[in-house]
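Asks: Sharing a structure with you now.
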Amino acid sequence: MKKNYILSILLIVVLCFSCTKTVDESFYLVVGDNLSKVELNTIDDLKTDLQKVITSEVKVVSEKEALPEHGTVFILGTPTSNALIQELAIQKNINLSTEIPGSRGGIWAKVNHKNHKNAIVIGGSDLQGLQYAIYDYSKDVLGIDPLEYWTGKTASKIDNEAVFNFTAKTIAPPKVPVLAYFENDVDELANYRGKLLEYDWETYTEMIDALVRMRYNAIQLFDMLGRPEFFIRPEYKKLKPDYQIDIDYIEKMIDYAQLKGMKVAVDFALGYQIHPMSADKADCWKTYKEDWLDAWRYYFEKTPLAKTDIFILRPRHQVWDWKYESTCGESKIDVFNEVYAAFGKLVDEYKPNASKVLVCYSDGMEMWNEGFRPPTDWTVLWSDHGFGDFEHLPNTTDNYEFGTYMHAGYWLNHTVHNPYPNKVETIMKEMFETYNADKFCLVNGQNFRPFLLNLEAYSAVCNNPDTFNADAFYKDWTSRYFSEAAAHHAIASMKYLHEAQEGRKGYVEHLWEIREAVSYLSNAPIRRPGKTPIPFDYKRVIGDYDTTAHVAENLAKALTEAEQGYQIEPTDFYHAYILLPAQLYSDLVTFETTLHNMAKLKNQFEASKDITFLNEAKALLPSAKAQLDIIYKRRASGDLDDTWKDWYAIKNRRQNNGFPTNDMLSAIDENLNKITP
């Protein structure tokens with residue numbers, strides 16, 4: 001009897017253990033047999049995202065396999081790639097087709113399908129619609145930060161049932177069908193680690209991944225093709241004397257972007273090291289027309305640029321980024337009417353039906369308003385002045401497809417961002433409403449990480465301008481990373497930082513103003529490689545006094561707000577994105593203000609010959625040296641997170657407008673000491 005009792009107990013334990021073992025808590029991602037490499041890559045991203053927040057196993061399975069009775073099932077794809085999606089649509093269980101919601105649109109739904117109840121459907125009208133549906137789900141339901149690598153914000157664990165915490169949703173196609181990122185002026189990002197003037201693979205791929213999650217569906221490669229400055233300008237030759245473009249690496253970069261579903265855009269300028277044309281052939285079209293055409297053919301036939309999806313051209317000098325000034329008496333409007341027709345024929349020959357885009361940068365807008373017209377199959381992009389606003393507006397769109405070229409960051413402020421979601425809202429809505437400039441948006445992100453806020457703002461307004469509100473965007477964006485109290489100070493600080501850059505001011509602009517002050521204080525011309533020296537002149541310095549004082553006033557407010565927020569929330573990302581930019585900019589302007597005070601005293605001495613003024617100017621030199629030391633130390637320490645060590649290091653900085661040195665202060669000291677009444 002006792003023996004039978006023990007056997008019964010053991011049998012119950014075994015049976016219970018067996019029951020426990022058969023409970024399936026796995027996640028099944030059901031894919032179609034017609035899925036593309038891009039679709040599979042996106043679904044792999046979802047798998048990775050799920051594995052970050054749940055403990056269950058996640059498996060990718062074919063639509064032809066029987067759905068499990070237990071476990072959590074995701075049915076993923078488009079009506080053309082997954083037969084289950086098509087079947088659900090035919091049965092009216094979901095409202096999805098290639099037309100509904102339409103290109104780049106998608107859905108979330110919960111459905112009962114055959115023997116499985118409550119399956120999750122994430123689908124798209126097309127591939128990109130599926131991508132946005134998946135990435136939005138990861139962000140909104142799973143809590144995955146689309147900028148996780150760049151912000152350090154990681155997702156929290158959730159229970160399995162939390163993946164169902166959503167209501168059915170239709171994701172409408174975005175207002176702007178092509179949102180492209182322009183990798184321009186990225187020297188600091190490319191110098192950050194690895195080979196100088198070349199993205200390391202991790203940085204590049206993480207940038208692409210973040211862009212795709214922000215709904216950017218194209219990238220314009222530029223710097224990484226070997227811009228002329230990198231192998232011609234003395235500053236860059238000193239930085240990297242053996243600079244040589246890696247053709248295979250370029251192709252690898254193109255392939256990765258396309259694998260992530262992004263189209264690759266290229267400005268077919270002719271100065272890249274990938275195949276440079278001599279600059280003396282770039283300012284006379286009628287003489288060197290065949291050289292231009294041969295260079296373009298070489299791109300198509302001998303380089304990875306044959307993989308280009310979107311062909312861009314600017315009506316500018318085709319080697320250097322400056323105005324086209326003919327050396328053989330041509331009208332530049334006539335020249336580029338011919339150039340765009342000729343280049344367009346080459347595109348049609350080599351890549352039929354590819355997109356062609358005219359970027360009316362700088363004088364290109366004046367040319368447009370004076371009658372320049374490419375063939376009508378070119379999309380026209382109107383350019384801002386670098387800080388999100390326009391100096392020129394089109395007098396007509398002339399029935400062309402119109403878009404915009406905007407700056408999330410600009411070369412005058414590429415070290416410290418200029419946050420302007422409010423400007424993004426007003427300017428972009430005006431361009432959409434007044435000029436129908438909603439067919440394409442090219443966004444310049446400079447060295448990317450400091451400009452995440454503006455990059456996402458442009459994405460949001462291009463997605464749905466009707467619902468985009470700058471103040472709400474500010475609140476939503478900061479609440480992703482900071483507590484409510486800290487976010488309040490973060491927003492206030494960023495708004496003051498924007499005010500500090502009113503009138504196209506920026507960190508790099510102040511570097512030039514400092515050179516003007518140093519030039520006057522040391523009685524030495526400003527020397528620039530390959531250009532005529534600029535004589536020292538007090539009048540150059542006078543013009544900087546008022547604007548610098550205005551900048552300093554707003555920076556003081558920005559810094560105060562940033563410090564208060566950091567006291568509430570001393571995190572690495574708050575330091576990196578809110579506090580450090582205000583500190584870096586304040587450090588530089590404080591130093592510049594001291595030089596301005598010295599310049600005023602020197603000028604008073606020159607006018608009065610009163611040695612008191614000269615002595616007072618000399619007495620400020622120790623302060624200037626101490627302030628310059630702070631600048632170097634702050635930039636050397638940079639971010640608190642070791643991931644971004646050396647991000648702001650002077651050795652890695654972009655080579656434009658120089659940088660103040662102790663040698664400059666020594667030259668000032670020497671000059672002031674030799675001046676006599």
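Letters A, B, ... go to the chains of the structure tokens in the order shown; residues in each chain start at 1; ligands are counted from 1 in the same order.
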Which residues are near Ala437 (chain A)? Cut-off 8 Å, only C-alpha atoms, ignore same chain within fewer than 3 positions. Put them as a PyMOL selection string.
Replies: chain A and resi 381+401-404+431-434+440
Asks: Need to verify the contact set: region 418-423 of chain A, 6 Å, only C-alpha atoms, exclusion of same-chain residues closer than 3 positions in sequence. Can you return it as a list in words?
Replies: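 Counting only C-alpha atoms, the residues come to Thr426, Ile427, Ala457, Ala470 and His498 of chain A.
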Asks: Can I get the selected residues back with all heavy atoms, as a CSV table (one decimal), in the first residue's frame?
Replies:
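Output file out.csv follows:
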```
chain,number,residue,atom,x,y,z
A,426,THR,N,7.5,76.1,-38.0
A,426,THR,CA,6.9,77.2,-38.8
A,426,THR,C,7.5,77.2,-40.2
A,426,THR,O,6.7,77.4,-41.2
A,426,THR,CB,7.3,78.5,-38.1
A,426,THR,OG1,8.7,78.6,-37.9
A,426,THR,CG2,6.6,78.6,-36.7
A,427,ILE,N,8.7,77.0,-40.4
A,427,ILE,CA,9.4,77.1,-41.7
A,427,ILE,C,8.9,75.9,-42.6
A,427,ILE,O,8.5,76.1,-43.8
A,427,ILE,CB,10.9,77.1,-41.6
A,427,ILE,CG1,11.4,78.3,-40.9
A,427,ILE,CG2,11.5,77.0,-43.0
A,427,ILE,CD1,10.9,79.7,-41.5
A,457,ALA,N,13.2,66.2,-35.2
A,457,ALA,CA,12.2,67.1,-35.4
A,457,ALA,C,11.9,67.2,-36.9
A,457,ALA,O,10.7,67.3,-37.3
A,457,ALA,CB,12.6,68.5,-34.9
A,470,ALA,N,5.8,72.0,-32.0
A,470,ALA,CA,7.2,72.1,-31.5
A,470,ALA,C,7.2,71.9,-30.0
A,470,ALA,O,8.1,71.2,-29.5
A,470,ALA,CB,7.8,73.4,-31.9
A,498,HIS,N,19.5,78.3,-28.4
A,498,HIS,CA,19.0,78.7,-29.7
A,498,HIS,C,19.1,80.3,-29.8
A,498,HIS,O,19.6,80.8,-30.8
A,498,HIS,CB,17.6,78.2,-29.9
A,498,HIS,CG,17.0,78.8,-31.1
A,498,HIS,ND1,17.5,78.7,-32.4
A,498,HIS,CD2,15.9,79.6,-31.3
A,498,HIS,CE1,16.7,79.4,-33.3
A,498,HIS,NE2,15.7,79.9,-32.6
```
Asks: Write out as a PyMOL selection string which residues come within 9 Å of Glu235 (chain A) when counting only C-alpha atoms, dropping same-chain ones fewer than 5 positions away.
Replies: chain A and resi 229-230+240+529+655-656
Asks: May I have the residues from that selection written out with C-alpha atoms, as a tab-separated table (two decimals), in the first residue's frame?
Replies:
```
chain	number	residue	atom	x	y	z
A	229	GLU	CA	39.72	69.28	-48.76
A	230	PHE	CA	40.84	65.97	-47.30
A	240	LYS	CA	46.41	62.87	-42.49
A	529	PRO	CA	46.48	78.62	-46.59
A	655	GLN	CA	39.79	71.96	-39.59
A	656	ASN	CA	37.86	75.18	-40.19
```
Asks: Can you list, as an mmCIF file with C-alpha atoms, in the first residue's frame, every protein, DNA or RNA residue that comes within 9 Å of Leu621 (chain A) when you count only C-alpha atoms, leaving out same-chain residues fewer than 6 positions away?
Replies:
```cif
data_model
loop_
_atom_site.group_PDB
_atom_site.id
_atom_site.type_symbol
_atom_site.label_atom_id
_atom_site.label_comp_id
_atom_site.auth_asym_id
_atom_site.auth_seq_id
_atom_site.Cartn_x
_atom_site.Cartn_y
_atom_site.Cartn_z
ATOM 1 C CA THR A 594 38.389 88.879 -22.531
ATOM 2 C CA LEU A 595 40.154 89.421 -25.860
ATOM 3 C CA MET A 598 41.906 93.809 -24.236
ATOM 4 C CA LEU A 665 48.591 84.692 -26.614
ATOM 5 C CA ILE A 668 49.874 89.231 -28.134
ATOM 6 C CA ASP A 669 52.073 89.480 -25.048
#
```
Asks: Just list as a PyMOL selection string whatever in region 63-282 of chain A DSSP marks as strand (DSSP E or B).
Replies: chain A and resi 72-77+97+101+106-113+116-124+169-171+179-182+218-221+263-267
Asks: Need the shell around Val31 (chain A): protein/DNA/RNA residues with any atom at most 8 Å away, counting only C-alpha atoms. Skip same-chain ones fewer than 5 positions apart. Format as a list in words?
Replies: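 In the requested format, the answer is Val60, Val61, Ser62, Glu63, Ile75, Leu76, Gly77 and Asn82 of chain A.
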Asks: With a distance cut-off of 9 Å and only C-alpha atoms, select the neighbouring residues of Asn463 (chain A), excluding the residue or stretch itself and same-chain residues fewer than 4 positions from it, and output the selection as a PDB file with N, CA and C atoms, in the first residue's frame.
Replies:
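Everything below was put into result_14.pdb:
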```
ATOM      1  N   ALA A 172      -0.120  55.891 -41.159  1.00  0.00           N
ATOM      2  CA  ALA A 172      -0.308  56.539 -42.459  1.00  0.00           C
ATOM      3  C   ALA A 172       1.029  56.788 -43.146  1.00  0.00           C
ATOM      4  N   PRO A 173       1.034  56.792 -44.471  1.00  0.00           N
ATOM      5  CA  PRO A 173       2.258  57.154 -45.192  1.00  0.00           C
ATOM      6  C   PRO A 173       2.687  58.569 -44.812  1.00  0.00           C
ATOM      7  N   PRO A 174       3.986  58.820 -44.746  1.00  0.00           N
ATOM      8  CA  PRO A 174       4.454  60.162 -44.384  1.00  0.00           C
ATOM      9  C   PRO A 174       4.142  61.188 -45.469  1.00  0.00           C
ATOM     10  N   LYS A 175       4.052  62.428 -45.061  1.00  0.00           N
ATOM     11  CA  LYS A 175       3.796  63.525 -45.996  1.00  0.00           C
ATOM     12  C   LYS A 175       4.884  63.592 -47.061  1.00  0.00           C
ATOM     13  N   VAL A 176       6.142  63.473 -46.624  1.00  0.00           N
ATOM     14  CA  VAL A 176       7.288  63.593 -47.537  1.00  0.00           C
ATOM     15  C   VAL A 176       7.777  62.189 -47.875  1.00  0.00           C
ATOM     16  N   PRO A 177       7.718  61.774 -49.135  1.00  0.00           N
ATOM     17  CA  PRO A 177       8.062  60.391 -49.486  1.00  0.00           C
ATOM     18  C   PRO A 177       9.544  60.052 -49.363  1.00  0.00           C
ATOM     19  N   ARG A 215      12.847  57.113 -39.545  1.00  0.00           N
ATOM     20  CA  ARG A 215      12.119  57.239 -40.811  1.00  0.00           C
ATOM     21  C   ARG A 215      12.927  57.897 -41.944  1.00  0.00           C
ATOM     22  N   TYR A 458      12.881  67.209 -37.768  1.00  0.00           N
ATOM     23  CA  TYR A 458      12.633  67.215 -39.216  1.00  0.00           C
ATOM     24  C   TYR A 458      11.901  65.951 -39.641  1.00  0.00           C
ATOM     25  N   SER A 459      12.272  64.828 -39.058  1.00  0.00           N
ATOM     26  CA  SER A 459      11.581  63.589 -39.381  1.00  0.00           C
ATOM     27  C   SER A 459      10.110  63.670 -39.009  1.00  0.00           C
ATOM     28  N   PHE A 468       2.382  67.857 -36.008  1.00  0.00           N
ATOM     29  CA  PHE A 468       3.653  68.274 -35.401  1.00  0.00           C
ATOM     30  C   PHE A 468       3.482  69.612 -34.695  1.00  0.00           C
TER      31      PHE A 468
END
```
Asks: Between region 205-224 of chain A and region 132-142 of chain A, at 12 Å or less, what are the per-residue closest atom pairs and their distances in Å? Count only C-alpha atoms, order by chain and rising residue number, and return it as CSV.
Replies:
```
residue,atom,partner,partner_atom,distance
A:Asp209,CA,A:Tyr135,CA,10.5
A:Ala210,CA,A:Tyr135,CA,10.3
A:Leu211,CA,A:Tyr135,CA,11.1
A:Val212,CA,A:Tyr132,CA,8.4
A:Arg213,CA,A:Tyr135,CA,5.8
A:Met214,CA,A:Tyr135,CA,8.6
A:Arg215,CA,A:Tyr132,CA,6.8
A:Tyr216,CA,A:Tyr132,CA,10.1
A:Asn217,CA,A:Tyr132,CA,10.3
```
Asks: Show which residues sit within 8 Å of region 484-488 of chain A, as a VMD selection string. Count only C-alpha atoms, and ignore same-chain residues fewer than 2 positions away.
Replies: chain A and resid 475 478 to 479 482 490 to 492 564 to 566 568 to 569
Asks: Please produce an output containing N, CA, C and O atoms for each residue in the selection, written as a PDB file, in the first residue's frame.
Replies:
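selection-v6.pdb, written as the output of this step:
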```pdb
ATOM      1  N   LYS A 475       8.612  68.477 -25.349  1.00  0.00           N
ATOM      2  CA  LYS A 475       8.212  67.779 -24.129  1.00  0.00           C
ATOM      3  C   LYS A 475       8.335  66.271 -24.290  1.00  0.00           C
ATOM      4  O   LYS A 475       8.872  65.579 -23.409  1.00  0.00           O
ATOM      5  N   THR A 478      12.239  65.204 -24.606  1.00  0.00           N
ATOM      6  CA  THR A 478      13.006  65.255 -23.354  1.00  0.00           C
ATOM      7  C   THR A 478      12.465  64.270 -22.325  1.00  0.00           C
ATOM      8  O   THR A 478      13.234  63.740 -21.509  1.00  0.00           O
ATOM      9  N   SER A 479      11.150  63.993 -22.359  1.00  0.00           N
ATOM     10  CA  SER A 479      10.588  63.046 -21.389  1.00  0.00           C
ATOM     11  C   SER A 479      11.064  61.622 -21.642  1.00  0.00           C
ATOM     12  O   SER A 479      10.980  60.763 -20.765  1.00  0.00           O
ATOM     13  N   PHE A 482      14.644  62.249 -19.596  1.00  0.00           N
ATOM     14  CA  PHE A 482      14.796  62.942 -18.318  1.00  0.00           C
ATOM     15  C   PHE A 482      13.481  62.939 -17.536  1.00  0.00           C
ATOM     16  O   PHE A 482      12.406  62.797 -18.113  1.00  0.00           O
ATOM     17  N   ALA A 490      15.986  71.340 -19.088  1.00  0.00           N
ATOM     18  CA  ALA A 490      16.636  70.995 -20.356  1.00  0.00           C
ATOM     19  C   ALA A 490      16.045  71.806 -21.504  1.00  0.00           C
ATOM     20  O   ALA A 490      16.775  72.357 -22.335  1.00  0.00           O
ATOM     21  N   ILE A 491      14.717  71.883 -21.549  1.00  0.00           N
ATOM     22  CA  ILE A 491      14.054  72.643 -22.621  1.00  0.00           C
ATOM     23  C   ILE A 491      14.413  74.124 -22.515  1.00  0.00           C
ATOM     24  O   ILE A 491      14.744  74.768 -23.524  1.00  0.00           O
ATOM     25  N   ALA A 492      14.365  74.662 -21.308  1.00  0.00           N
ATOM     26  CA  ALA A 492      14.697  76.079 -21.122  1.00  0.00           C
ATOM     27  C   ALA A 492      16.129  76.359 -21.555  1.00  0.00           C
ATOM     28  O   ALA A 492      16.411  77.363 -22.234  1.00  0.00           O
ATOM     29  N   GLN A 564      20.998  73.591 -13.231  1.00  0.00           N
ATOM     30  CA  GLN A 564      19.900  73.259 -12.324  1.00  0.00           C
ATOM     31  C   GLN A 564      19.304  71.888 -12.669  1.00  0.00           C
ATOM     32  O   GLN A 564      18.991  71.091 -11.774  1.00  0.00           O
ATOM     33  N   GLY A 565      19.143  71.623 -13.956  1.00  0.00           N
ATOM     34  CA  GLY A 565      18.628  70.318 -14.367  1.00  0.00           C
ATOM     35  C   GLY A 565      19.585  69.198 -14.019  1.00  0.00           C
ATOM     36  O   GLY A 565      19.159  68.098 -13.612  1.00  0.00           O
ATOM     37  N   TYR A 566      20.874  69.455 -14.159  1.00  0.00           N
ATOM     38  CA  TYR A 566      21.874  68.422 -13.874  1.00  0.00           C
ATOM     39  C   TYR A 566      21.932  68.093 -12.383  1.00  0.00           C
ATOM     40  O   TYR A 566      22.222  66.961 -12.001  1.00  0.00           O
ATOM     41  N   ILE A 568      19.358  67.989 -10.548  1.00  0.00           N
ATOM     42  CA  ILE A 568      18.211  67.101 -10.348  1.00  0.00           C
ATOM     43  C   ILE A 568      18.502  65.717 -10.904  1.00  0.00           C
ATOM     44  O   ILE A 568      18.163  64.699 -10.296  1.00  0.00           O
ATOM     45  N   GLU A 569      19.158  65.679 -12.058  1.00  0.00           N
ATOM     46  CA  GLU A 569      19.360  64.406 -12.757  1.00  0.00           C
ATOM     47  C   GLU A 569      20.770  64.330 -13.333  1.00  0.00           C
ATOM     48  O   GLU A 569      20.994  64.612 -14.513  1.00  0.00           O
TER      49      GLU A 569
END
```
Asks: What does the structure give for the distance between CA of Leu313 (chain A) and CA of Ala269 (chain A), in Å to one decimal?
Replies: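 These atoms are spaced 6.8 Å apart.
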